[in-house]
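What follows is protein17.pdb (PDB, C-alpha atoms and all ligand atoms).
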```pdb
ATOM      1  CA  MET D   1       9.663 -27.419  -1.497
ATOM      2  CA  ALA D   2       8.495 -25.970   1.809
ATOM      3  CA  THR D   3       4.941 -26.896   2.741
ATOM      4  CA  GLU D   4       4.368 -23.453   4.177
ATOM      5  CA  ALA D   5       4.977 -20.080   2.566
ATOM      6  CA  ILE D   6       5.389 -18.325   5.905
ATOM      7  CA  ALA D   7       5.967 -19.759   9.355
ATOM      8  CA  CYS D   8       6.754 -17.692  12.418
ATOM      9  CA  ASP D   9       7.284 -18.913  15.920
ATOM     10  CA  ASP D  10       7.074 -16.673  18.984
ATOM     11  CA  LEU D  11       8.108 -13.728  16.863
ATOM     12  CA  ALA D  12       8.598 -10.340  18.508
ATOM     13  CA  ILE D  13       8.727  -7.261  16.290
ATOM     14  CA  GLY D  14       9.716  -3.674  16.947
ATOM     15  CA  HIS D  15      12.400  -1.104  16.357
ATOM     16  CA  ASP D  16      15.930  -0.599  17.694
ATOM     17  CA  GLY D  17      15.746  -3.903  19.615
ATOM     18  CA  ARG D  18      12.604  -2.878  21.531
ATOM     19  CA  ALA D  19       9.556  -5.113  21.025
ATOM     20  CA  ILE D  20       6.176  -3.520  20.350
ATOM     21  CA  MET D  21       4.344  -6.799  19.649
ATOM     22  CA  SER D  22       5.343 -10.335  20.621
ATOM     23  CA  GLY D  23       4.071 -13.913  20.739
ATOM     24  CA  ILE D  24       3.323 -13.970  17.011
ATOM     25  CA  THR D  25       3.012 -17.607  15.967
ATOM     26  CA  PHE D  26       1.301 -18.969  12.855
ATOM     27  CA  THR D  27       1.921 -20.803   9.602
ATOM     28  CA  LEU D  28       0.490 -19.927   6.216
ATOM     29  CA  GLU D  29       0.297 -22.394   3.327
ATOM     30  CA  PRO D  30       1.137 -21.327  -0.228
ATOM     31  CA  GLY D  31      -1.745 -19.702  -2.088
ATOM     32  CA  ARG D  32      -3.514 -18.513   1.068
ATOM     33  CA  ILE D  33      -4.523 -14.940   1.847
ATOM     34  CA  LEU D  34      -3.780 -13.630   5.348
ATOM     35  CA  ALA D  35      -5.181 -10.367   6.713
ATOM     36  CA  VAL D  36      -3.183  -8.547   9.407
ATOM     37  CA  VAL D  37      -5.446  -6.429  11.595
ATOM     38  CA  GLY D  38      -5.279  -4.398  14.785
ATOM     39  CA  PRO D  39      -5.483  -0.819  16.060
ATOM     40  CA  SER D  40      -3.428   1.920  14.465
ATOM     41  CA  GLY D  41       0.182   1.767  15.628
ATOM     42  CA  CYS D  42      -0.040  -1.851  16.857
ATOM     43  CA  GLY D  43       2.738  -2.935  14.493
ATOM     44  CA  LYS D  44       1.042  -4.189  11.319
ATOM     45  CA  SER D  45       3.471  -2.516   8.923
ATOM     46  CA  THR D  46       6.382  -3.502  11.166
ATOM     47  CA  LEU D  47       5.202  -7.136  11.042
ATOM     48  CA  MET D  48       5.015  -7.024   7.239
ATOM     49  CA  ARG D  49       8.591  -5.780   7.059
ATOM     50  CA  ALA D  50       9.781  -8.498   9.446
ATOM     51  CA  LEU D  51       7.921 -11.291   7.616
ATOM     52  CA  SER D  52       9.338 -10.168   4.279
ATOM     53  CA  GLY D  53      12.897  -9.911   5.595
ATOM     54  CA  LEU D  54      13.109  -6.152   4.941
ATOM     55  CA  ASP D  55      13.728  -5.612   8.677
ATOM     56  CA  ASP D  56      14.949  -7.904  11.437
ATOM     57  CA  PRO D  57      12.570  -9.099  14.132
ATOM     58  CA  VAL D  58      13.500  -8.412  17.764
ATOM     59  CA  SER D  59      13.374 -12.117  18.667
ATOM     60  CA  GLY D  60      11.811 -15.419  17.667
ATOM     61  CA  SER D  61      12.016 -17.144  14.315
ATOM     62  CA  SER D  62      10.465 -16.517  10.950
ATOM     63  CA  ARG D  63      10.663 -18.622   7.807
ATOM     64  CA  LEU D  64       9.755 -17.355   4.376
ATOM     65  CA  LEU D  65       9.512 -19.818   1.460
ATOM     66  CA  GLY D  66      11.582 -22.287   3.447
ATOM     67  CA  GLN D  67      14.296 -19.766   4.283
ATOM     68  CA  ASP D  68      15.012 -19.007   7.950
ATOM     69  CA  LEU D  69      15.327 -15.227   7.838
ATOM     70  CA  THR D  70      17.029 -14.997  11.224
ATOM     71  CA  VAL D  71      20.080 -16.894   9.985
ATOM     72  CA  ALA D  72      19.950 -15.989   6.267
ATOM     73  CA  SER D  73      23.037 -14.411   4.692
ATOM     74  CA  ALA D  74      22.783 -11.164   2.727
ATOM     75  CA  VAL D  75      22.862 -13.174  -0.522
ATOM     76  CA  GLU D  76      20.070 -15.481   0.666
ATOM     77  CA  ARG D  77      17.962 -12.496   1.692
ATOM     78  CA  GLU D  78      18.499 -10.910  -1.691
ATOM     79  CA  SER D  79      17.331 -14.062  -3.468
ATOM     80  CA  ALA D  80      14.294 -14.270  -1.138
ATOM     81  CA  LEU D  81      13.468 -10.617  -1.942
ATOM     82  CA  ARG D  82      13.525 -11.504  -5.627
ATOM     83  CA  ARG D  83      10.554 -13.832  -4.949
ATOM     84  CA  LEU D  84       8.449 -11.186  -3.166
ATOM     85  CA  GLY D  85       6.304  -8.235  -4.091
ATOM     86  CA  PHE D  86       5.553  -5.345  -1.738
ATOM     87  CA  LEU D  87       2.829  -2.706  -1.955
ATOM     88  CA  PHE D  88       3.842  -0.148   0.646
ATOM     89  CA  GLN D  89       1.363   1.814   2.747
ATOM     90  CA  GLY D  90       0.655   4.994   0.776
ATOM     91  CA  SER D  91       1.700   3.342  -2.529
ATOM     92  CA  ALA D  92       5.207   4.919  -2.538
ATOM     93  CA  LEU D  93       5.419   5.357  -6.302
ATOM     94  CA  PHE D  94       8.400   7.337  -7.579
ATOM     95  CA  SER D  95       6.874  10.703  -8.397
ATOM     96  CA  SER D  96       9.258  11.622 -11.221
ATOM     97  CA  LEU D  97       8.726   8.331 -13.082
ATOM     98  CA  THR D  98       5.744   7.365 -15.232
ATOM     99  CA  LEU D  99       3.666   4.359 -14.161
ATOM    100  CA  ARG D 100       5.442   2.260 -16.810
ATOM    101  CA  GLU D 101       8.856   3.337 -15.508
ATOM    102  CA  ASN D 102       7.784   2.601 -11.925
ATOM    103  CA  VAL D 103       6.914  -0.986 -12.904
ATOM    104  CA  GLU D 104      10.037  -1.340 -15.071
ATOM    105  CA  LEU D 105      12.308  -0.444 -12.171
ATOM    106  CA  PRO D 106      12.317  -3.769 -10.232
ATOM    107  CA  ILE D 107      12.370  -5.742 -13.498
ATOM    108  CA  ARG D 108      15.384  -3.768 -14.698
ATOM    109  CA  GLU D 109      17.144  -4.192 -11.365
ATOM    110  CA  PHE D 110      16.669  -7.947 -10.958
ATOM    111  CA  LEU D 111      16.287  -9.297 -14.519
ATOM    112  CA  ALA D 112      17.827  -6.635 -16.779
ATOM    113  CA  PRO D 113      16.021  -7.867 -19.913
ATOM    114  CA  PRO D 114      16.451  -6.264 -23.356
ATOM    115  CA  ARG D 115      14.690  -2.879 -23.654
ATOM    116  CA  ARG D 116      11.712  -4.141 -25.713
ATOM    117  CA  GLU D 117      11.060  -7.063 -23.405
ATOM    118  CA  LEU D 118      11.292  -4.785 -20.372
ATOM    119  CA  ARG D 119       8.632  -2.561 -21.870
ATOM    120  CA  GLN D 120       6.363  -5.503 -22.702
ATOM    121  CA  LEU D 121       6.658  -6.981 -19.199
ATOM    122  CA  ALA D 122       5.744  -3.656 -17.576
ATOM    123  CA  GLU D 123       2.852  -3.092 -19.980
ATOM    124  CA  TYR D 124       1.500  -6.581 -19.256
ATOM    125  CA  LYS D 125       1.496  -5.951 -15.497
ATOM    126  CA  LEU D 126      -0.171  -2.551 -15.904
ATOM    127  CA  SER D 127      -2.873  -3.999 -18.162
ATOM    128  CA  LEU D 128      -3.532  -6.742 -15.585
ATOM    129  CA  VAL D 129      -4.601  -4.034 -13.136
ATOM    130  CA  GLY D 130      -6.580  -2.087 -15.757
ATOM    131  CA  LEU D 131      -4.085   0.712 -16.353
ATOM    132  CA  ALA D 132      -3.281   0.077 -20.015
ATOM    133  CA  ASP D 133      -4.407   3.600 -20.887
ATOM    134  CA  ALA D 134      -2.455   5.370 -18.153
ATOM    135  CA  MET D 135       1.038   3.919 -18.577
ATOM    136  CA  ASP D 136       2.673   7.182 -19.532
ATOM    137  CA  LYS D 137       1.109   9.244 -16.769
ATOM    138  CA  LEU D 138       3.013  10.466 -13.726
ATOM    139  CA  PRO D 139       1.750   9.533 -10.215
ATOM    140  CA  SER D 140       0.612  13.167  -9.742
ATOM    141  CA  GLU D 141      -1.711  12.795 -12.746
ATOM    142  CA  ILE D 142      -3.728   9.824 -11.474
ATOM    143  CA  SER D 143      -6.355   9.172  -8.764
ATOM    144  CA  GLY D 144      -5.734   7.439  -5.436
ATOM    145  CA  GLY D 145      -7.398   4.245  -6.675
ATOM    146  CA  MET D 146      -5.220   4.245  -9.786
ATOM    147  CA  ALA D 147      -2.116   4.791  -7.622
ATOM    148  CA  LYS D 148      -3.016   1.711  -5.540
ATOM    149  CA  ARG D 149      -3.413  -0.329  -8.730
ATOM    150  CA  ALA D 150      -0.133   0.994 -10.142
ATOM    151  CA  ALA D 151       1.579   0.055  -6.873
ATOM    152  CA  LEU D 152       0.025  -3.413  -7.187
ATOM    153  CA  ALA D 153       1.357  -3.699 -10.753
ATOM    154  CA  ARG D 154       4.825  -2.778  -9.478
ATOM    155  CA  ALA D 155       4.525  -5.336  -6.651
ATOM    156  CA  LEU D 156       3.628  -7.945  -9.308
ATOM    157  CA  ALA D 157       6.550  -6.971 -11.531
ATOM    158  CA  LEU D 158       8.728  -9.976 -10.720
ATOM    159  CA  ASP D 159       5.914 -12.582 -10.618
ATOM    160  CA  PRO D 160       6.201 -12.882  -6.820
ATOM    161  CA  GLU D 161       5.385 -16.055  -4.948
ATOM    162  CA  VAL D 162       4.463 -13.972  -1.898
ATOM    163  CA  LEU D 163       2.796 -10.599  -2.103
ATOM    164  CA  PHE D 164       2.753  -8.149   0.822
ATOM    165  CA  LEU D 165       0.020  -5.523   0.533
ATOM    166  CA  ASP D 166      -0.036  -2.780   3.177
ATOM    167  CA  GLU D 167      -3.543  -1.291   3.157
ATOM    168  CA  PRO D 168      -4.333  -1.808  -0.535
ATOM    169  CA  GLY D 169      -7.922  -0.593  -0.059
ATOM    170  CA  ALA D 170      -7.376   2.341   2.318
ATOM    171  CA  GLY D 171      -8.949   5.587   1.181
ATOM    172  CA  LEU D 172     -10.842   4.000  -1.694
ATOM    173  CA  ASP D 173     -14.593   4.365  -2.169
ATOM    174  CA  PRO D 174     -16.544   1.106  -1.616
ATOM    175  CA  VAL D 175     -16.899   0.321  -5.330
ATOM    176  CA  THR D 176     -13.206   0.907  -6.091
ATOM    177  CA  ALA D 177     -12.278  -1.029  -2.934
ATOM    178  CA  ALA D 178     -14.415  -3.976  -4.091
ATOM    179  CA  ARG D 179     -12.607  -3.853  -7.465
ATOM    180  CA  MET D 180      -9.284  -3.994  -5.630
ATOM    181  CA  ASP D 181     -10.549  -7.079  -3.748
ATOM    182  CA  GLU D 182     -11.478  -8.718  -7.075
ATOM    183  CA  LEU D 183      -8.025  -7.927  -8.395
ATOM    184  CA  ILE D 184      -6.357  -9.492  -5.350
ATOM    185  CA  LEU D 185      -8.467 -12.646  -5.725
ATOM    186  CA  LYS D 186      -7.715 -12.712  -9.475
ATOM    187  CA  VAL D 187      -3.962 -12.566  -8.796
ATOM    188  CA  ARG D 188      -4.200 -15.444  -6.321
ATOM    189  CA  GLU D 189      -6.306 -17.500  -8.741
ATOM    190  CA  ALA D 190      -4.117 -16.824 -11.773
ATOM    191  CA  PHE D 191      -0.689 -17.217 -10.148
ATOM    192  CA  GLY D 192      -1.311 -19.114  -6.879
ATOM    193  CA  THR D 193       0.299 -16.199  -5.036
ATOM    194  CA  THR D 194       0.441 -16.230  -1.235
ATOM    195  CA  ILE D 195      -0.810 -12.856  -0.039
ATOM    196  CA  VAL D 196      -0.339 -11.051   3.277
ATOM    197  CA  MET D 197      -2.347  -7.856   3.501
ATOM    198  CA  VAL D 198      -2.918  -5.216   6.138
ATOM    199  CA  SER D 199      -6.493  -3.994   6.160
ATOM    200  CA  HIS D 200      -8.963  -2.075   8.314
ATOM    201  CA  GLU D 201     -11.801  -2.841   5.925
ATOM    202  CA  VAL D 202     -13.880  -5.659   7.401
ATOM    203  CA  PRO D 203     -16.052  -6.300   4.301
ATOM    204  CA  SER D 204     -12.885  -6.587   2.240
ATOM    205  CA  ILE D 205     -11.276  -8.981   4.751
ATOM    206  CA  LEU D 206     -14.385 -11.178   4.791
ATOM    207  CA  ARG D 207     -14.417 -11.241   0.969
ATOM    208  CA  THR D 208     -10.769 -12.066   0.413
ATOM    209  CA  ALA D 209      -8.879 -13.470   3.409
ATOM    210  CA  ASP D 210      -8.610 -17.139   4.390
ATOM    211  CA  PHE D 211      -7.033 -16.265   7.734
ATOM    212  CA  CYS D 212      -6.661 -13.256   9.936
ATOM    213  CA  VAL D 213      -4.104 -12.367  12.597
ATOM    214  CA  TYR D 214      -5.196  -9.880  15.254
ATOM    215  CA  LEU D 215      -2.473  -7.871  16.996
ATOM    216  CA  ASP D 216      -3.674  -6.895  20.443
ATOM    217  CA  THR D 217      -2.306  -3.612  21.777
ATOM    218  CA  ASP D 218      -3.869  -4.233  25.213
ATOM    219  CA  THR D 219      -1.462  -7.108  25.860
ATOM    220  CA  GLY D 220       1.272  -6.324  23.316
ATOM    221  CA  ARG D 221       0.868  -9.856  21.973
ATOM    222  CA  MET D 222      -0.809 -11.615  19.066
ATOM    223  CA  GLY D 223      -4.401 -11.906  20.248
ATOM    224  CA  ALA D 224      -5.931 -14.328  17.798
ATOM    225  CA  TYR D 225      -5.397 -16.200  14.539
ATOM    226  CA  GLY D 226      -8.095 -17.878  12.498
ATOM    227  CA  PRO D 227     -10.577 -17.588   9.636
ATOM    228  CA  PRO D 228     -12.106 -14.077   9.596
ATOM    229  CA  LYS D 229     -15.675 -15.373   9.924
ATOM    230  CA  ASP D 230     -14.754 -16.911  13.300
ATOM    231  CA  PHE D 231     -14.329 -13.409  14.728
ATOM    232  CA  LEU D 232     -17.965 -12.595  14.069
ATOM    233  CA  ALA D 233     -18.870 -15.066  16.826
ATOM    234  CA  PRO D 234     -19.352 -13.427  20.267
ATOM    235  CA  SER D 235     -17.300 -16.241  21.838
ATOM    236  CA  SER D 236     -14.179 -15.278  19.841
ATOM    237  CA  HIS D 237     -11.335 -13.060  21.106
ATOM    238  CA  PRO D 238     -13.170 -10.024  22.560
ATOM    239  CA  ARG D 239     -11.120  -7.265  20.941
ATOM    240  CA  ALA D 240     -10.852  -9.074  17.603
ATOM    241  CA  HIS D 241     -14.619  -9.592  17.785
ATOM    242  CA  ALA D 242     -15.114  -5.881  18.526
ATOM    243  CA  PHE D 243     -12.903  -4.947  15.563
ATOM    244  CA  PHE D 244     -15.014  -7.127  13.250
ATOM    245  CA  THR D 245     -18.417  -6.141  14.540
ATOM    246  CA  LEU D 246     -18.099  -2.479  15.580
ATOM    247  CA  THR D 247     -16.967  -1.530  12.116
ATOM    248  CA  HIS D 248     -19.163  -3.996  10.257
ATOM    249  CA  ARG D 249     -22.725  -4.940  11.117
ATOM    250  CA  THR D 250     -23.948  -8.142   9.456
TER     251      THR D 250
HETATM  252  N1  LIG V 301      11.285   3.277  11.650
HETATM  253  C1  LIG V 301      10.772   3.314  12.884
HETATM  254  N2  LIG V 301      11.549   3.567  13.966
HETATM  255  C2  LIG V 301      11.068   3.574  15.224
HETATM  256  N3  LIG V 301       9.745   3.367  15.518
HETATM  257  C3  LIG V 301       8.921   3.127  14.483
HETATM  258  C4  LIG V 301       9.376   3.089  13.114
HETATM  259  N4  LIG V 301       8.317   2.820  12.310
HETATM  260  C5  LIG V 301       7.257   2.688  13.122
HETATM  261  N5  LIG V 301       7.614   2.882  14.426
HETATM  262  C6  LIG V 301       6.718   2.775  15.592
HETATM  263  O1  LIG V 301       6.323   1.423  15.733
HETATM  264  C7  LIG V 301       4.949   1.336  16.087
HETATM  265  C8  LIG V 301       4.203   0.490  15.079
HETATM  266  O2  LIG V 301       4.221   1.129  13.831
HETATM  267  P1  LIG V 301       3.551   0.488  12.558
HETATM  268  O3  LIG V 301       3.776   1.437  11.431
HETATM  269  O4  LIG V 301       4.032  -0.896  12.377
HETATM  270  O5  LIG V 301       2.002   0.444  12.991
HETATM  271  P2  LIG V 301       0.728   0.083  12.130
HETATM  272  O6  LIG V 301      -0.034  -0.939  12.896
HETATM  273  O7  LIG V 301       1.128  -0.251  10.743
HETATM  274  O8  LIG V 301      -0.101   1.451  12.172
HETATM  275  P3  LIG V 301      -1.116   2.090  11.076
HETATM  276  O9  LIG V 301      -2.423   1.338  11.204
HETATM  277  O10 LIG V 301      -1.257   3.500  11.533
HETATM  278  O11 LIG V 301      -0.492   1.966   9.732
HETATM  279  C9  LIG V 301       4.441   2.774  16.200
HETATM  280  O12 LIG V 301       4.471   3.145  17.555
HETATM  281  C10 LIG V 301       5.445   3.574  15.415
HETATM  282  O13 LIG V 301       5.575   4.867  15.924
HETATM  283 MG    MG V 302       0.827   0.638   8.910
END
```
For the file at hand, write its structure as structure tokens.
Ligand SMILES: Nc1ncnc2c1ncn2[C@@H]1O[C@H](COP(=O)(O)OP(=O)(O)OP(=O)(O)O)[C@@H](O)[C@H]1O
Ligand SMILES: [Mg+2]
Amino acid sequence: MATEAIACDDLAIGHDGRAIMSGITFTLEPGRILAVVGPSGCGKSTLMRALSGLDDPVSGSSRLLGQDLTVASAVERESALRRLGFLFQGSALFSSLTLRENVELPIREFLAPPRRELRQLAEYKLSLVGLADAMDKLPSEISGGMAKRAALARALALDPEVLFLDEPGAGLDPVTAARMDELILKVREAFGTTIVMVSHEVPSILRTADFCVYLDTDTGRMGAYGPPKDFLAPSSHPRAHAFFTLTHRT
């Protein structure tokens, strides 16, 4: 078994072969929570897609659960995807499907269990996130906080070893956001899941993340990597420090 869940070395990410952020180098052990931070448009979502193998990086290498994504075949990528969960920015629930059907979808696609088992698996995941009473609702019938939790239930559908969460707390009031943090920590504790999450919410990052990667738009390179508390120190990376302290006064 690989000792690290994610390892990237001098990774450059972008679109159509053009790099928007480069020099991304770090390793993350299984069961750790990593926060990806940086100004809007710096490439956080693009990095998540590259780390998960959904998109190709521009250059450099990236390993996920021991698999080198840059040389992986389509079949190997597919089997890596089976071990991941993804909560997309904006939740991206299918609007014509109920919450239960949204969670059933990946289970049906990858495991194709008998109908009753499928239903039970989806119901279990929805009750984990506190949506037992809303399973038959459509996305248009629920609040933003409930949509985030439903998207988390769908990301958990296949018992992922690595969970990618793109702004799970964005747009939530502080109390609901704190509940989302608790849920993320509960998932890690219960299943040992490795979690990579994009967040702009400093209190949430300080509560949940073991490490933080700061993408620096001023240089177009990874600016800093380390435990979030380190960035509260004035001697830390200046723009990472500003991100942590301008938005959050201790
Ligand atoms: N599919 C795409 N094709 C081409 N360019 C893209 C594509 N998706 C994003 N971009 C560009 O890549 C850059 C980084 O986008 P990305 O969505 O990764 O930023 P982000 O850090 O997640 O921003 P935000 O905080 O607003 O979510 C932006 O300039 C964006 O316009
Ligand atoms: Mg984004």
Since I can't run it myself right now, could you work out what the PyMOL selection byres (((chain D and resi 62) around 8) and not hetatm) selects here and report it as a PyMOL selection string? chain D and resi 6-9+11+51+60-61+63-64+68-70
Keeping only C-alpha atoms, write the selected residues as a PDB file, keeping the file's coordinate frame.
```pdb
ATOM      1  CA  ILE D   6       5.389 -18.325   5.905  1.00  0.00           C
ATOM      2  CA  ALA D   7       5.967 -19.759   9.355  1.00  0.00           C
ATOM      3  CA  CYS D   8       6.754 -17.692  12.418  1.00  0.00           C
ATOM      4  CA  ASP D   9       7.284 -18.913  15.920  1.00  0.00           C
ATOM      5  CA  LEU D  11       8.108 -13.728  16.863  1.00  0.00           C
ATOM      6  CA  LEU D  51       7.921 -11.291   7.616  1.00  0.00           C
ATOM      7  CA  GLY D  60      11.811 -15.419  17.667  1.00  0.00           C
ATOM      8  CA  SER D  61      12.016 -17.144  14.315  1.00  0.00           C
ATOM      9  CA  ARG D  63      10.663 -18.622   7.807  1.00  0.00           C
ATOM     10  CA  LEU D  64       9.755 -17.355   4.376  1.00  0.00           C
ATOM     11  CA  ASP D  68      15.012 -19.007   7.950  1.00  0.00           C
ATOM     12  CA  LEU D  69      15.327 -15.227   7.838  1.00  0.00           C
ATOM     13  CA  THR D  70      17.029 -14.997  11.224  1.00  0.00           C
TER      14      THR D  70
END
```
Find the nearest atom pair between each residue of chain D and ligand LIG 301 (chain V) for residues within 6 Å, count all atoms listed in the file, give distances in Å to one decimal, sort rows by chain and ascending number, and present the table as a Markdown table.
```
| residue | atom | partner | partner_atom | distance |
| --- | --- | --- | --- | --- |
| D:His15 | CA | V:LIG301 | C2 | 5.0 |
| D:Ser40 | CA | V:LIG301 | O9 | 3.5 |
| D:Gly41 | CA | V:LIG301 | O5 | 3.5 |
| D:Cys42 | CA | V:LIG301 | O6 | 4.1 |
| D:Gly43 | CA | V:LIG301 | O4 | 3.2 |
| D:Lys44 | CA | V:LIG301 | O6 | 3.8 |
| D:Ser45 | CA | V:LIG301 | O7 | 3.7 |
| D:Thr46 | CA | V:LIG301 | O4 | 3.7 |
```
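As for CA of Asp10 (chain D) and CA of Ile24 (chain D), they are spaced 5.0 Å apart.
The shortest atom-to-atom distance to Leu246 (chain D), with only C-alpha atoms taken into account, belongs to D:His200 out of D:Thr208, D:Leu99, D:His200, D:Gly169.
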Output of the PyMOL selection byres (((not hetatm)) within 12 of (chain V and resi 302)), listed as a ChimeraX atom specification: /D:36-49,87-91,165-168,170,197-200
Taking the file above as input, evaluate the PyMOL selection byres (((chain D and resi 134) around 12) and not hetatm) and report the hits as a PyMOL selection string. chain D and resi 98-101+123+126-127+129-133+135-143+146-147+149-150
When you count all atoms listed in the file, which of these residues is closest to Glu189 (chain D): D:Gly226, D:Pro113, D:Gly31, D:Gly17? D:Gly31
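Ranking D:Ser79, D:Ala35, D:Arg188, D:Ala19 by their shortest atom-to-atom distance to Asp56 (chain D), with only C-alpha atoms included, puts D:Ala19 first.
Closest to Pro160 (chain D) among D:Leu84, D:Met180, D:Ile20, D:Val75 is D:Leu84, based on all atoms listed in the file.
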Axis-aligned box for region 72-83 of chain D, 8 Å per side, centre and edges in Å as JSON:
```
{"center_x": 16.8, "center_y": -13.3, "center_z": 0.3, "size_x": 28.5, "size_y": 21.4, "size_z": 27.9}
```
If we count all atoms listed in the file and set the cut-off at 8 Å, which residues sit around Ala240 (chain D), ignoring sequence neighbours fewer than 6 positions away in its own chain? Please answer as a ChimeraX atom specification. /D:38,214,223-224,231
For C-alpha atoms, I'd like the residues from the last selection saved as a tab-separated table (two decimals), in the coordinates of the input.
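Listing of result35.tsv after writing:
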```tsv
chain	number	residue	atom	x	y	z
D	38	GLY	CA	-5.28	-4.40	14.78
D	214	TYR	CA	-5.20	-9.88	15.25
D	223	GLY	CA	-4.40	-11.91	20.25
D	224	ALA	CA	-5.93	-14.33	17.80
D	231	PHE	CA	-14.33	-13.41	14.73
```
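Among the candidates D:Ser95, D:Ser73, D:Thr194, D:Thr176, the residue lying nearest to Leu163 (chain D) is D:Thr194 (atoms considered: only C-alpha atoms).
Around Asp173 (chain D), within 12 Å and counting all atoms listed in the file, the residues found are Ser143, Gly144, Gly145, Ala178, Arg179, Met180, Glu201 and Ser204 of chain D, once anything fewer than 5 positions away on its own chain is removed.
CA of Ala50 (chain D) sits 28.4 Å away from CA of Leu232 (chain D).
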Student task, region 144-155 of chain D output with N, CA and C atoms as a short mmCIF file (atom, residue, chain, number, x, y, z; two decimals), in the first residue's frame:
```cif
data_model
loop_
_atom_site.label_atom_id
_atom_site.label_comp_id
_atom_site.auth_asym_id
_atom_site.auth_seq_id
_atom_site.Cartn_x
_atom_site.Cartn_y
_atom_site.Cartn_z
N GLY D 144 -29.83 25.76 0.61
CA GLY D 144 -28.45 25.66 0.16
C GLY D 144 -27.62 24.74 1.05
N GLY D 145 -27.84 24.84 2.36
CA GLY D 145 -27.10 23.98 3.30
C GLY D 145 -27.44 22.52 3.11
N MET D 146 -28.73 22.26 2.85
CA MET D 146 -29.16 20.87 2.60
C MET D 146 -28.57 20.36 1.29
N ALA D 147 -28.47 21.25 0.29
CA ALA D 147 -27.90 20.84 -1.00
C ALA D 147 -26.43 20.44 -0.84
N LYS D 148 -25.69 21.22 -0.01
CA LYS D 148 -24.29 20.87 0.25
C LYS D 148 -24.20 19.50 0.90
N ARG D 149 -25.11 19.26 1.87
CA ARG D 149 -25.06 17.96 2.57
C ARG D 149 -25.46 16.81 1.64
N ALA D 150 -26.44 17.08 0.76
CA ALA D 150 -26.84 16.05 -0.21
C ALA D 150 -25.67 15.75 -1.16
N ALA D 151 -24.97 16.82 -1.56
CA ALA D 151 -23.81 16.62 -2.45
C ALA D 151 -22.72 15.84 -1.72
N LEU D 152 -22.59 16.07 -0.41
CA LEU D 152 -21.62 15.30 0.38
C LEU D 152 -22.04 13.83 0.45
N ALA D 153 -23.33 13.59 0.64
CA ALA D 153 -23.83 12.20 0.67
C ALA D 153 -23.53 11.51 -0.66
N ARG D 154 -23.72 12.24 -1.77
CA ARG D 154 -23.44 11.63 -3.07
C ARG D 154 -21.94 11.37 -3.24
N ALA D 155 -21.11 12.30 -2.72
CA ALA D 155 -19.65 12.10 -2.81
C ALA D 155 -19.23 10.89 -1.96
#
```
